[in-house]
>>> print(open('protein.cif').read())   # mmCIF, N, CA, C and O atoms
data_input
#
loop_
_atom_site.label_atom_id
_atom_site.label_comp_id
_atom_site.auth_asym_id
_atom_site.auth_seq_id
_atom_site.Cartn_x
_atom_site.Cartn_y
_atom_site.Cartn_z
N ALA A 1 -32.04 -36.89 86.41
CA ALA A 1 -30.62 -36.81 86.13
C ALA A 1 -29.89 -36.48 87.43
O ALA A 1 -30.31 -35.58 88.16
N VAL A 2 -28.85 -37.21 87.71
CA VAL A 2 -28.06 -36.99 88.91
C VAL A 2 -26.76 -36.30 88.49
O VAL A 2 -26.05 -36.78 87.60
N VAL A 3 -26.47 -35.17 89.12
CA VAL A 3 -25.28 -34.38 88.80
C VAL A 3 -24.26 -34.56 89.92
O VAL A 3 -24.59 -34.37 91.10
N CYS A 4 -23.04 -34.94 89.54
CA CYS A 4 -21.96 -35.12 90.52
C CYS A 4 -20.76 -34.26 90.14
O CYS A 4 -20.44 -34.12 88.96
N ILE A 5 -20.14 -33.72 91.15
CA ILE A 5 -18.86 -33.02 91.00
C ILE A 5 -17.91 -33.61 92.03
O ILE A 5 -18.27 -33.76 93.20
N ASP A 6 -16.72 -33.96 91.60
CA ASP A 6 -15.74 -34.60 92.48
C ASP A 6 -16.33 -35.84 93.15
O ASP A 6 -16.12 -36.09 94.33
N ASN A 7 -17.13 -36.60 92.40
CA ASN A 7 -17.73 -37.85 92.86
C ASN A 7 -18.74 -37.67 93.99
O ASN A 7 -19.04 -38.60 94.72
N GLU A 8 -19.26 -36.46 94.16
CA GLU A 8 -20.29 -36.16 95.16
C GLU A 8 -21.54 -35.68 94.45
O GLU A 8 -21.47 -34.83 93.54
N ILE A 9 -22.70 -36.17 94.85
CA ILE A 9 -23.96 -35.70 94.27
C ILE A 9 -24.19 -34.26 94.71
O ILE A 9 -24.18 -33.95 95.90
N VAL A 10 -24.38 -33.38 93.72
CA VAL A 10 -24.64 -31.97 94.02
C VAL A 10 -26.07 -31.56 93.67
O VAL A 10 -26.56 -30.54 94.15
N ASP A 11 -26.75 -32.36 92.85
CA ASP A 11 -28.12 -32.03 92.48
C ASP A 11 -28.77 -33.22 91.79
O ASP A 11 -28.08 -34.07 91.23
N THR A 12 -30.08 -33.27 91.85
CA THR A 12 -30.87 -34.19 91.04
C THR A 12 -31.90 -33.36 90.30
O THR A 12 -32.51 -32.46 90.88
N ILE A 13 -32.04 -33.63 89.02
CA ILE A 13 -32.95 -32.85 88.18
C ILE A 13 -33.93 -33.80 87.51
O ILE A 13 -33.52 -34.65 86.71
N PRO A 14 -35.22 -33.67 87.80
CA PRO A 14 -36.20 -34.50 87.09
C PRO A 14 -36.19 -34.14 85.60
O PRO A 14 -36.11 -32.96 85.24
N LEU A 15 -36.27 -35.14 84.74
CA LEU A 15 -36.24 -34.87 83.30
C LEU A 15 -37.51 -34.20 82.81
O LEU A 15 -37.53 -33.69 81.69
N ASP A 16 -38.54 -34.16 83.63
CA ASP A 16 -39.75 -33.43 83.25
C ASP A 16 -39.73 -31.99 83.77
O ASP A 16 -40.71 -31.27 83.67
N ASN A 17 -38.59 -31.57 84.32
CA ASN A 17 -38.43 -30.22 84.86
C ASN A 17 -37.51 -29.41 83.94
O ASN A 17 -36.34 -29.20 84.23
N SER A 18 -38.05 -28.97 82.80
CA SER A 18 -37.25 -28.25 81.81
C SER A 18 -36.60 -27.02 82.41
O SER A 18 -37.20 -26.31 83.22
N GLY A 19 -35.35 -26.79 82.02
CA GLY A 19 -34.64 -25.62 82.51
C GLY A 19 -33.17 -25.67 82.16
O GLY A 19 -32.69 -26.61 81.53
N ILE A 20 -32.48 -24.62 82.59
CA ILE A 20 -31.05 -24.50 82.38
C ILE A 20 -30.40 -24.38 83.75
O ILE A 20 -30.81 -23.54 84.57
N TYR A 21 -29.40 -25.22 84.01
CA TYR A 21 -28.79 -25.32 85.32
C TYR A 21 -27.28 -25.15 85.20
O TYR A 21 -26.64 -25.84 84.43
N ARG A 22 -26.73 -24.25 85.98
CA ARG A 22 -25.28 -23.99 85.95
C ARG A 22 -24.62 -24.61 87.18
O ARG A 22 -25.11 -24.46 88.29
N PHE A 23 -23.49 -25.29 86.94
CA PHE A 23 -22.75 -25.93 88.01
C PHE A 23 -21.30 -25.46 87.98
O PHE A 23 -20.67 -25.48 86.92
N GLU A 24 -20.80 -25.05 89.12
CA GLU A 24 -19.41 -24.61 89.27
C GLU A 24 -18.57 -25.79 89.72
O GLU A 24 -18.94 -26.48 90.68
N SER A 25 -17.47 -26.03 89.03
CA SER A 25 -16.60 -27.14 89.43
C SER A 25 -15.60 -26.67 90.48
O SER A 25 -15.43 -25.47 90.71
N SER A 26 -14.95 -27.62 91.11
CA SER A 26 -14.01 -27.28 92.18
C SER A 26 -12.77 -26.56 91.65
O SER A 26 -12.05 -25.93 92.42
N ASP A 27 -12.53 -26.63 90.33
CA ASP A 27 -11.37 -25.94 89.76
C ASP A 27 -11.71 -24.55 89.25
O ASP A 27 -10.91 -23.90 88.59
N GLY A 28 -12.93 -24.08 89.53
CA GLY A 28 -13.34 -22.75 89.11
C GLY A 28 -14.02 -22.71 87.75
O GLY A 28 -14.47 -21.65 87.31
N GLY A 29 -14.13 -23.83 87.08
CA GLY A 29 -14.80 -23.89 85.79
C GLY A 29 -16.30 -24.08 85.96
O GLY A 29 -16.82 -24.10 87.07
N TYR A 30 -16.98 -24.25 84.84
CA TYR A 30 -18.42 -24.45 84.90
C TYR A 30 -18.92 -25.37 83.80
O TYR A 30 -18.28 -25.52 82.76
N ASN A 31 -20.07 -25.96 84.05
CA ASN A 31 -20.82 -26.74 83.07
C ASN A 31 -22.27 -26.29 83.17
O ASN A 31 -22.79 -26.11 84.27
N ILE A 32 -22.92 -26.12 82.04
CA ILE A 32 -24.33 -25.76 82.01
C ILE A 32 -25.10 -26.95 81.45
O ILE A 32 -24.80 -27.42 80.34
N VAL A 33 -26.06 -27.43 82.23
CA VAL A 33 -26.91 -28.56 81.82
C VAL A 33 -28.27 -28.01 81.43
O VAL A 33 -28.87 -27.24 82.17
N THR A 34 -28.73 -28.42 80.26
CA THR A 34 -30.08 -28.06 79.80
C THR A 34 -30.93 -29.31 79.84
O THR A 34 -30.48 -30.39 79.45
N VAL A 35 -32.16 -29.16 80.33
CA VAL A 35 -33.12 -30.26 80.38
C VAL A 35 -34.37 -29.80 79.62
O VAL A 35 -34.90 -28.72 79.89
N ALA A 36 -34.80 -30.61 78.66
CA ALA A 36 -36.01 -30.32 77.90
C ALA A 36 -36.47 -31.60 77.20
O ALA A 36 -35.65 -32.44 76.83
N ASP A 37 -37.77 -31.73 77.04
CA ASP A 37 -38.36 -32.86 76.32
C ASP A 37 -37.89 -34.22 76.85
O ASP A 37 -37.67 -35.16 76.08
N GLY A 38 -37.66 -34.31 78.17
CA GLY A 38 -37.25 -35.58 78.76
C GLY A 38 -35.81 -35.96 78.52
O GLY A 38 -35.43 -37.11 78.73
N LYS A 39 -34.99 -35.01 78.10
CA LYS A 39 -33.58 -35.26 77.82
C LYS A 39 -32.72 -34.25 78.57
O LYS A 39 -33.17 -33.16 78.88
N ALA A 40 -31.46 -34.62 78.80
CA ALA A 40 -30.50 -33.72 79.44
C ALA A 40 -29.23 -33.68 78.60
O ALA A 40 -28.86 -34.68 77.99
N TRP A 41 -28.58 -32.53 78.59
CA TRP A 41 -27.31 -32.41 77.88
C TRP A 41 -26.52 -31.24 78.44
O TRP A 41 -27.07 -30.35 79.08
N VAL A 42 -25.20 -31.30 78.24
CA VAL A 42 -24.33 -30.19 78.61
C VAL A 42 -24.33 -29.23 77.43
O VAL A 42 -23.81 -29.55 76.36
N SER A 43 -24.95 -28.09 77.61
CA SER A 43 -25.09 -27.13 76.51
C SER A 43 -23.92 -26.16 76.43
O SER A 43 -23.69 -25.56 75.38
N GLU A 44 -23.18 -26.03 77.52
CA GLU A 44 -22.03 -25.13 77.52
C GLU A 44 -21.08 -25.53 78.64
O GLU A 44 -21.52 -26.00 79.69
N ALA A 45 -19.79 -25.34 78.42
CA ALA A 45 -18.77 -25.60 79.43
C ALA A 45 -17.51 -24.82 79.04
O ALA A 45 -17.31 -24.49 77.87
N ASP A 46 -16.69 -24.53 80.02
CA ASP A 46 -15.45 -23.82 79.72
C ASP A 46 -14.22 -24.72 79.80
O ASP A 46 -13.10 -24.24 79.90
N CYS A 47 -14.44 -26.02 79.72
CA CYS A 47 -13.32 -26.96 79.74
C CYS A 47 -12.63 -27.00 78.38
O CYS A 47 -13.21 -26.64 77.36
N LYS A 48 -11.40 -27.47 78.40
CA LYS A 48 -10.66 -27.64 77.16
C LYS A 48 -11.21 -28.85 76.41
O LYS A 48 -11.48 -29.88 77.01
N GLY A 49 -11.41 -28.74 75.14
CA GLY A 49 -11.89 -29.85 74.33
C GLY A 49 -13.40 -29.91 74.18
O GLY A 49 -13.91 -30.30 73.16
N LYS A 50 -14.13 -29.61 75.24
CA LYS A 50 -15.59 -29.59 75.23
C LYS A 50 -16.23 -30.90 74.76
O LYS A 50 -17.28 -30.91 74.14
N ASP A 51 -15.60 -32.03 75.11
CA ASP A 51 -16.18 -33.33 74.77
C ASP A 51 -17.56 -33.49 75.41
O ASP A 51 -18.44 -34.10 74.82
N CYS A 52 -17.74 -32.95 76.60
CA CYS A 52 -19.03 -33.06 77.29
C CYS A 52 -20.14 -32.35 76.52
O CYS A 52 -21.29 -32.82 76.49
N VAL A 53 -19.82 -31.25 75.86
CA VAL A 53 -20.81 -30.52 75.07
C VAL A 53 -21.13 -31.29 73.80
O VAL A 53 -22.30 -31.42 73.40
N ARG A 54 -20.12 -31.85 73.17
CA ARG A 54 -20.32 -32.59 71.92
C ARG A 54 -20.99 -33.95 72.13
O ARG A 54 -21.47 -34.54 71.17
N PHE A 55 -21.05 -34.42 73.36
CA PHE A 55 -21.61 -35.75 73.63
C PHE A 55 -23.07 -35.84 73.18
O PHE A 55 -23.51 -36.87 72.71
N GLY A 56 -23.82 -34.79 73.35
CA GLY A 56 -25.22 -34.80 72.93
C GLY A 56 -26.17 -35.07 74.08
O GLY A 56 -25.81 -34.97 75.25
N LYS A 57 -27.40 -35.42 73.73
CA LYS A 57 -28.48 -35.57 74.70
C LYS A 57 -28.55 -37.00 75.23
O LYS A 57 -28.31 -37.96 74.50
N ILE A 58 -28.90 -37.10 76.52
CA ILE A 58 -29.11 -38.41 77.13
C ILE A 58 -30.52 -38.46 77.70
O ILE A 58 -31.07 -37.44 78.11
N GLU A 59 -31.10 -39.68 77.70
CA GLU A 59 -32.46 -39.83 78.21
C GLU A 59 -32.75 -41.20 78.80
O GLU A 59 -33.77 -41.40 79.44
N HIS A 60 -31.87 -42.16 78.60
CA HIS A 60 -32.13 -43.53 79.04
C HIS A 60 -31.36 -43.86 80.33
O HIS A 60 -30.29 -43.31 80.58
N ASN A 61 -31.91 -44.78 81.11
CA ASN A 61 -31.31 -45.18 82.37
C ASN A 61 -29.83 -45.55 82.21
O ASN A 61 -29.48 -46.27 81.29
N ASN A 62 -29.02 -45.04 83.08
CA ASN A 62 -27.57 -45.28 83.17
C ASN A 62 -26.74 -44.60 82.07
O ASN A 62 -25.53 -44.82 82.02
N GLU A 63 -27.33 -43.80 81.22
CA GLU A 63 -26.53 -43.00 80.28
C GLU A 63 -25.85 -41.87 81.06
O GLU A 63 -26.45 -41.32 81.99
N SER A 64 -24.64 -41.53 80.67
CA SER A 64 -23.88 -40.49 81.37
C SER A 64 -23.18 -39.56 80.40
O SER A 64 -22.80 -39.97 79.30
N ILE A 65 -22.98 -38.35 80.85
CA ILE A 65 -22.09 -37.39 80.20
C ILE A 65 -21.00 -37.09 81.23
O ILE A 65 -21.31 -36.83 82.40
N ILE A 66 -19.76 -37.13 80.78
CA ILE A 66 -18.63 -36.94 81.68
C ILE A 66 -17.76 -35.80 81.19
O ILE A 66 -17.44 -35.73 80.01
N CYS A 67 -17.38 -34.93 82.11
CA CYS A 67 -16.41 -33.88 81.83
C CYS A 67 -15.21 -34.14 82.74
O CYS A 67 -15.24 -33.82 83.93
N LEU A 68 -14.18 -34.78 82.19
CA LEU A 68 -13.01 -35.13 83.00
C LEU A 68 -12.29 -33.92 83.57
O LEU A 68 -11.93 -33.94 84.74
N PRO A 69 -12.08 -32.85 82.79
CA PRO A 69 -11.35 -31.71 83.37
C PRO A 69 -12.03 -31.12 84.61
O PRO A 69 -11.36 -30.67 85.53
N HIS A 70 -13.36 -31.13 84.64
CA HIS A 70 -14.09 -30.55 85.77
C HIS A 70 -14.55 -31.60 86.78
O HIS A 70 -15.24 -31.25 87.75
N ARG A 71 -14.21 -32.88 86.53
CA ARG A 71 -14.64 -33.96 87.41
C ARG A 71 -16.15 -33.89 87.64
O ARG A 71 -16.66 -33.95 88.75
N PHE A 72 -16.88 -33.78 86.52
CA PHE A 72 -18.32 -33.51 86.49
C PHE A 72 -19.03 -34.61 85.70
O PHE A 72 -18.56 -35.01 84.64
N THR A 73 -20.14 -35.12 86.24
CA THR A 73 -20.93 -36.11 85.52
C THR A 73 -22.41 -35.79 85.63
O THR A 73 -22.87 -35.23 86.62
N VAL A 74 -23.15 -36.19 84.60
CA VAL A 74 -24.61 -36.19 84.61
C VAL A 74 -25.02 -37.60 84.22
O VAL A 74 -24.60 -38.09 83.17
N THR A 75 -25.81 -38.26 85.06
CA THR A 75 -26.22 -39.63 84.81
C THR A 75 -27.73 -39.75 84.97
O THR A 75 -28.29 -39.24 85.94
N ILE A 76 -28.35 -40.44 84.03
CA ILE A 76 -29.79 -40.67 84.11
C ILE A 76 -30.05 -41.87 84.99
O ILE A 76 -29.43 -42.93 84.82
N HIS A 77 -30.97 -41.72 85.93
CA HIS A 77 -31.40 -42.80 86.80
C HIS A 77 -32.92 -42.84 86.77
O HIS A 77 -33.59 -42.38 87.68
N SER A 78 -33.46 -43.41 85.70
CA SER A 78 -34.91 -43.40 85.51
C SER A 78 -35.64 -44.36 86.43
O SER A 78 -36.85 -44.27 86.59
N ASP A 79 -34.92 -45.26 87.07
CA ASP A 79 -35.57 -46.21 87.98
C ASP A 79 -35.67 -45.68 89.40
O ASP A 79 -36.08 -46.38 90.31
N GLY A 80 -35.27 -44.42 89.60
CA GLY A 80 -35.36 -43.83 90.93
C GLY A 80 -34.16 -44.14 91.82
O GLY A 80 -34.07 -43.66 92.93
N PHE A 81 -33.23 -44.95 91.34
CA PHE A 81 -32.05 -45.32 92.11
C PHE A 81 -31.09 -44.13 92.21
O PHE A 81 -30.82 -43.46 91.25
N LEU A 82 -30.59 -43.88 93.39
CA LEU A 82 -29.55 -42.87 93.59
C LEU A 82 -28.36 -43.55 94.28
O LEU A 82 -28.53 -44.48 95.04
N PHE A 83 -27.18 -43.05 94.00
CA PHE A 83 -25.99 -43.57 94.65
C PHE A 83 -26.09 -43.33 96.15
O PHE A 83 -26.59 -42.31 96.58
N ARG A 84 -25.59 -44.26 96.91
CA ARG A 84 -25.51 -44.08 98.36
C ARG A 84 -24.07 -44.34 98.75
O ARG A 84 -23.48 -45.34 98.39
N SER A 85 -23.52 -43.42 99.50
CA SER A 85 -22.14 -43.60 99.93
C SER A 85 -22.10 -44.56 101.12
O SER A 85 -23.02 -44.62 101.93
N GLU A 86 -21.03 -45.31 101.20
CA GLU A 86 -20.84 -46.23 102.32
C GLU A 86 -20.48 -45.43 103.55
O GLU A 86 -19.66 -44.53 103.50
N GLU A 87 -21.07 -45.75 104.67
CA GLU A 87 -20.76 -45.03 105.93
C GLU A 87 -20.04 -45.93 106.89
O GLU A 87 -20.15 -47.08 106.89
#
>>> encode(input="protein.cif", output="structure tokens")
Amino acid sequence: AVVCIDNEIVDTIPLDNSGIYRFESSDGGYNIVTVADGKAWVSEADCKGKDCVRFGKIEHNNESIICLPHRFTVTIHSDGFLFRSEE
């Protein structure tokens, strides 16, 4: 799972690496990503609406969870592909 904040990669989490990961957004908010059983999901966030929490679990290539208020995304890249910025 590739985690981005403000369109920048901040972490990559293997789906076989179960755990709970907290990410601070640039606006002072947070999203907590849980990884277990080969799936990832946003288990907690302090954004308004909490659509990212209600989205549920993702596990397939190119599936994403998006938190617009925090400019936060989690995307599955099971083929090993990672975004590369143009230089």
>>> resolve_selection(input="protein.cif", expression="the PyMOL selection byres ((chain A and resi 29) around 8)", output="PyMOL selection string")
chain A and resi 22-28+30-32+45-47+69-70
>>> write_last_selection(input="protein.cif", atoms="N, CA, C and O atoms", output="mmCIF file, keeping the file's coordinate frame")
data_model
loop_
_atom_site.group_PDB
_atom_site.id
_atom_site.type_symbol
_atom_site.label_atom_id
_atom_site.label_comp_id
_atom_site.auth_asym_id
_atom_site.auth_seq_id
_atom_site.Cartn_x
_atom_site.Cartn_y
_atom_site.Cartn_z
ATOM 1 N N ARG A 22 -26.730 -24.250 85.980
ATOM 2 C CA ARG A 22 -25.280 -23.990 85.950
ATOM 3 C C ARG A 22 -24.620 -24.610 87.180
ATOM 4 O O ARG A 22 -25.110 -24.460 88.290
ATOM 5 N N PHE A 23 -23.490 -25.290 86.940
ATOM 6 C CA PHE A 23 -22.750 -25.930 88.010
ATOM 7 C C PHE A 23 -21.300 -25.460 87.980
ATOM 8 O O PHE A 23 -20.670 -25.480 86.920
ATOM 9 N N GLU A 24 -20.800 -25.050 89.120
ATOM 10 C CA GLU A 24 -19.410 -24.610 89.270
ATOM 11 C C GLU A 24 -18.570 -25.790 89.720
ATOM 12 O O GLU A 24 -18.940 -26.480 90.680
ATOM 13 N N SER A 25 -17.470 -26.030 89.030
ATOM 14 C CA SER A 25 -16.600 -27.140 89.430
ATOM 15 C C SER A 25 -15.600 -26.670 90.480
ATOM 16 O O SER A 25 -15.430 -25.470 90.710
ATOM 17 N N SER A 26 -14.950 -27.620 91.110
ATOM 18 C CA SER A 26 -14.010 -27.280 92.180
ATOM 19 C C SER A 26 -12.770 -26.560 91.650
ATOM 20 O O SER A 26 -12.050 -25.930 92.420
ATOM 21 N N ASP A 27 -12.530 -26.630 90.330
ATOM 22 C CA ASP A 27 -11.370 -25.940 89.760
ATOM 23 C C ASP A 27 -11.710 -24.550 89.250
ATOM 24 O O ASP A 27 -10.910 -23.900 88.590
ATOM 25 N N GLY A 28 -12.930 -24.080 89.530
ATOM 26 C CA GLY A 28 -13.340 -22.750 89.110
ATOM 27 C C GLY A 28 -14.020 -22.710 87.750
ATOM 28 O O GLY A 28 -14.470 -21.650 87.310
ATOM 29 N N TYR A 30 -16.980 -24.250 84.840
ATOM 30 C CA TYR A 30 -18.420 -24.450 84.900
ATOM 31 C C TYR A 30 -18.920 -25.370 83.800
ATOM 32 O O TYR A 30 -18.280 -25.520 82.760
ATOM 33 N N ASN A 31 -20.070 -25.960 84.050
ATOM 34 C CA ASN A 31 -20.820 -26.740 83.070
ATOM 35 C C ASN A 31 -22.270 -26.290 83.170
ATOM 36 O O ASN A 31 -22.790 -26.110 84.270
ATOM 37 N N ILE A 32 -22.920 -26.120 82.040
ATOM 38 C CA ILE A 32 -24.330 -25.760 82.010
ATOM 39 C C ILE A 32 -25.100 -26.950 81.450
ATOM 40 O O ILE A 32 -24.800 -27.420 80.340
ATOM 41 N N ALA A 45 -19.790 -25.340 78.420
ATOM 42 C CA ALA A 45 -18.770 -25.600 79.430
ATOM 43 C C ALA A 45 -17.510 -24.820 79.040
ATOM 44 O O ALA A 45 -17.310 -24.490 77.870
ATOM 45 N N ASP A 46 -16.690 -24.530 80.020
ATOM 46 C CA ASP A 46 -15.450 -23.820 79.720
ATOM 47 C C ASP A 46 -14.220 -24.720 79.800
ATOM 48 O O ASP A 46 -13.100 -24.240 79.900
ATOM 49 N N CYS A 47 -14.440 -26.020 79.720
ATOM 50 C CA CYS A 47 -13.320 -26.960 79.740
ATOM 51 C C CYS A 47 -12.630 -27.000 78.380
ATOM 52 O O CYS A 47 -13.210 -26.640 77.360
ATOM 53 N N PRO A 69 -12.080 -32.850 82.790
ATOM 54 C CA PRO A 69 -11.350 -31.710 83.370
ATOM 55 C C PRO A 69 -12.030 -31.120 84.610
ATOM 56 O O PRO A 69 -11.360 -30.670 85.530
ATOM 57 N N HIS A 70 -13.360 -31.130 84.640
ATOM 58 C CA HIS A 70 -14.090 -30.550 85.770
ATOM 59 C C HIS A 70 -14.550 -31.600 86.780
ATOM 60 O O HIS A 70 -15.240 -31.250 87.750
#
>>> residues_around(input="protein.cif", residues="A:Lys50", least_positions_apart="6", cutoff="8 Å", atoms="all atoms listed in the file", output="PyMOL selection string")
chain A and resi 42+44+56+66-67
>>> write_last_selection(input="protein.cif", atoms="N, CA, C and O atoms", output="short mmCIF file (atom, residue, chain, number, x, y, z; two decimals), in the frame of the given file")
data_model
loop_
_atom_site.label_atom_id
_atom_site.label_comp_id
_atom_site.auth_asym_id
_atom_site.auth_seq_id
_atom_site.Cartn_x
_atom_site.Cartn_y
_atom_site.Cartn_z
N VAL A 42 -25.20 -31.30 78.24
CA VAL A 42 -24.33 -30.19 78.61
C VAL A 42 -24.33 -29.23 77.43
O VAL A 42 -23.81 -29.55 76.36
N GLU A 44 -23.18 -26.03 77.52
CA GLU A 44 -22.03 -25.13 77.52
C GLU A 44 -21.08 -25.53 78.64
O GLU A 44 -21.52 -26.00 79.69
N GLY A 56 -23.82 -34.79 73.35
CA GLY A 56 -25.22 -34.80 72.93
C GLY A 56 -26.17 -35.07 74.08
O GLY A 56 -25.81 -34.97 75.25
N ILE A 66 -19.76 -37.13 80.78
CA ILE A 66 -18.63 -36.94 81.68
C ILE A 66 -17.76 -35.80 81.19
O ILE A 66 -17.44 -35.73 80.01
N CYS A 67 -17.38 -34.93 82.11
CA CYS A 67 -16.41 -33.88 81.83
C CYS A 67 -15.21 -34.14 82.74
O CYS A 67 -15.24 -33.82 83.93
#
>>> resolve_selection(input="protein.cif", expression="the PyMOL selection byres ((chain A and resi 34) around 7)", output="PDB file with N, CA, C and O atoms, in the coordinates of the input")
ATOM      1  N   ASN A  17     -38.590 -31.570  84.320  1.00  0.00           N
ATOM      2  CA  ASN A  17     -38.430 -30.220  84.860  1.00  0.00           C
ATOM      3  C   ASN A  17     -37.510 -29.410  83.940  1.00  0.00           C
ATOM      4  O   ASN A  17     -36.340 -29.200  84.230  1.00  0.00           O
ATOM      5  N   SER A  18     -38.050 -28.970  82.800  1.00  0.00           N
ATOM      6  CA  SER A  18     -37.250 -28.250  81.810  1.00  0.00           C
ATOM      7  C   SER A  18     -36.600 -27.020  82.410  1.00  0.00           C
ATOM      8  O   SER A  18     -37.200 -26.310  83.220  1.00  0.00           O
ATOM      9  N   GLY A  19     -35.350 -26.790  82.020  1.00  0.00           N
ATOM     10  CA  GLY A  19     -34.640 -25.620  82.510  1.00  0.00           C
ATOM     11  C   GLY A  19     -33.170 -25.670  82.160  1.00  0.00           C
ATOM     12  O   GLY A  19     -32.690 -26.610  81.530  1.00  0.00           O
ATOM     13  N   ILE A  20     -32.480 -24.620  82.590  1.00  0.00           N
ATOM     14  CA  ILE A  20     -31.050 -24.500  82.380  1.00  0.00           C
ATOM     15  C   ILE A  20     -30.400 -24.380  83.750  1.00  0.00           C
ATOM     16  O   ILE A  20     -30.810 -23.540  84.570  1.00  0.00           O
ATOM     17  N   TYR A  21     -29.400 -25.220  84.010  1.00  0.00           N
ATOM     18  CA  TYR A  21     -28.790 -25.320  85.320  1.00  0.00           C
ATOM     19  C   TYR A  21     -27.280 -25.150  85.200  1.00  0.00           C
ATOM     20  O   TYR A  21     -26.640 -25.840  84.430  1.00  0.00           O
ATOM     21  N   ILE A  32     -22.920 -26.120  82.040  1.00  0.00           N
ATOM     22  CA  ILE A  32     -24.330 -25.760  82.010  1.00  0.00           C
ATOM     23  C   ILE A  32     -25.100 -26.950  81.450  1.00  0.00           C
ATOM     24  O   ILE A  32     -24.800 -27.420  80.340  1.00  0.00           O
ATOM     25  N   VAL A  33     -26.060 -27.430  82.230  1.00  0.00           N
ATOM     26  CA  VAL A  33     -26.910 -28.560  81.820  1.00  0.00           C
ATOM     27  C   VAL A  33     -28.270 -28.010  81.430  1.00  0.00           C
ATOM     28  O   VAL A  33     -28.870 -27.240  82.170  1.00  0.00           O
ATOM     29  N   VAL A  35     -32.160 -29.160  80.330  1.00  0.00           N
ATOM     30  CA  VAL A  35     -33.120 -30.260  80.380  1.00  0.00           C
ATOM     31  C   VAL A  35     -34.370 -29.800  79.620  1.00  0.00           C
ATOM     32  O   VAL A  35     -34.900 -28.720  79.890  1.00  0.00           O
ATOM     33  N   ALA A  36     -34.800 -30.610  78.660  1.00  0.00           N
ATOM     34  CA  ALA A  36     -36.010 -30.320  77.900  1.00  0.00           C
ATOM     35  C   ALA A  36     -36.470 -31.600  77.200  1.00  0.00           C
ATOM     36  O   ALA A  36     -35.650 -32.440  76.830  1.00  0.00           O
ATOM     37  N   LYS A  39     -34.990 -35.010  78.100  1.00  0.00           N
ATOM     38  CA  LYS A  39     -33.580 -35.260  77.820  1.00  0.00           C
ATOM     39  C   LYS A  39     -32.720 -34.250  78.570  1.00  0.00           C
ATOM     40  O   LYS A  39     -33.170 -33.160  78.880  1.00  0.00           O
ATOM     41  N   ALA A  40     -31.460 -34.620  78.800  1.00  0.00           N
ATOM     42  CA  ALA A  40     -30.500 -33.720  79.440  1.00  0.00           C
ATOM     43  C   ALA A  40     -29.230 -33.680  78.600  1.00  0.00           C
ATOM     44  O   ALA A  40     -28.860 -34.680  77.990  1.00  0.00           O
ATOM     45  N   TRP A  41     -28.580 -32.530  78.590  1.00  0.00           N
ATOM     46  CA  TRP A  41     -27.310 -32.410  77.880  1.00  0.00           C
ATOM     47  C   TRP A  41     -26.520 -31.240  78.440  1.00  0.00           C
ATOM     48  O   TRP A  41     -27.070 -30.350  79.080  1.00  0.00           O
ATOM     49  N   VAL A  42     -25.200 -31.300  78.240  1.00  0.00           N
ATOM     50  CA  VAL A  42     -24.330 -30.190  78.610  1.00  0.00           C
ATOM     51  C   VAL A  42     -24.330 -29.230  77.430  1.00  0.00           C
ATOM     52  O   VAL A  42     -23.810 -29.550  76.360  1.00  0.00           O
ATOM     53  N   SER A  43     -24.950 -28.090  77.610  1.00  0.00           N
ATOM     54  CA  SER A  43     -25.090 -27.130  76.510  1.00  0.00           C
ATOM     55  C   SER A  43     -23.920 -26.160  76.430  1.00  0.00           C
ATOM     56  O   SER A  43     -23.690 -25.560  75.380  1.00  0.00           O
ATOM     57  N   GLU A  44     -23.180 -26.030  77.520  1.00  0.00           N
ATOM     58  CA  GLU A  44     -22.030 -25.130  77.520  1.00  0.00           C
ATOM     59  C   GLU A  44     -21.080 -25.530  78.640  1.00  0.00           C
ATOM     60  O   GLU A  44     -21.520 -26.000  79.690  1.00  0.00           O
TER      61      GLU A  44
END
>>> select_by_dssp(input="protein.cif", residues="chain A", states="alpha helix (DSSP H)", output="list in words")
Asp51, Cys52, Val53 and Arg54 of chain A
>>> atom_distance(input="protein.cif", atom1="atom O of A:Thr12", atom2="atom CA of A:Val53")
19.8 Å
>>> atom_distance(input="protein.cif", atom1="atom CA of A:Arg54", atom2="atom CA of A:Pro14")
22.0 Å
>>> select_by_dssp(input="protein.cif", residues="chain A", states="strand (DSSP E)", output="PyMOL selection string")
chain A and resi 2-5+8-12+19-24+30-36+39-45+64-67+72-75
>>> residues_around(input="protein.cif", residues="A:His60", least_positions_apart="3", cutoff="12 Å", atoms="only C-alpha atoms", output="VMD selection string")
chain A and resid 1 15 38 to 40 57 63 to 65 74 to 79
>>> closest_residue(input="protein.cif", among="A:Leu68, A:Thr73, A:Ile13, A:Cys4", to="A:Asp51", atoms="all atoms listed in the file")
A:Leu68
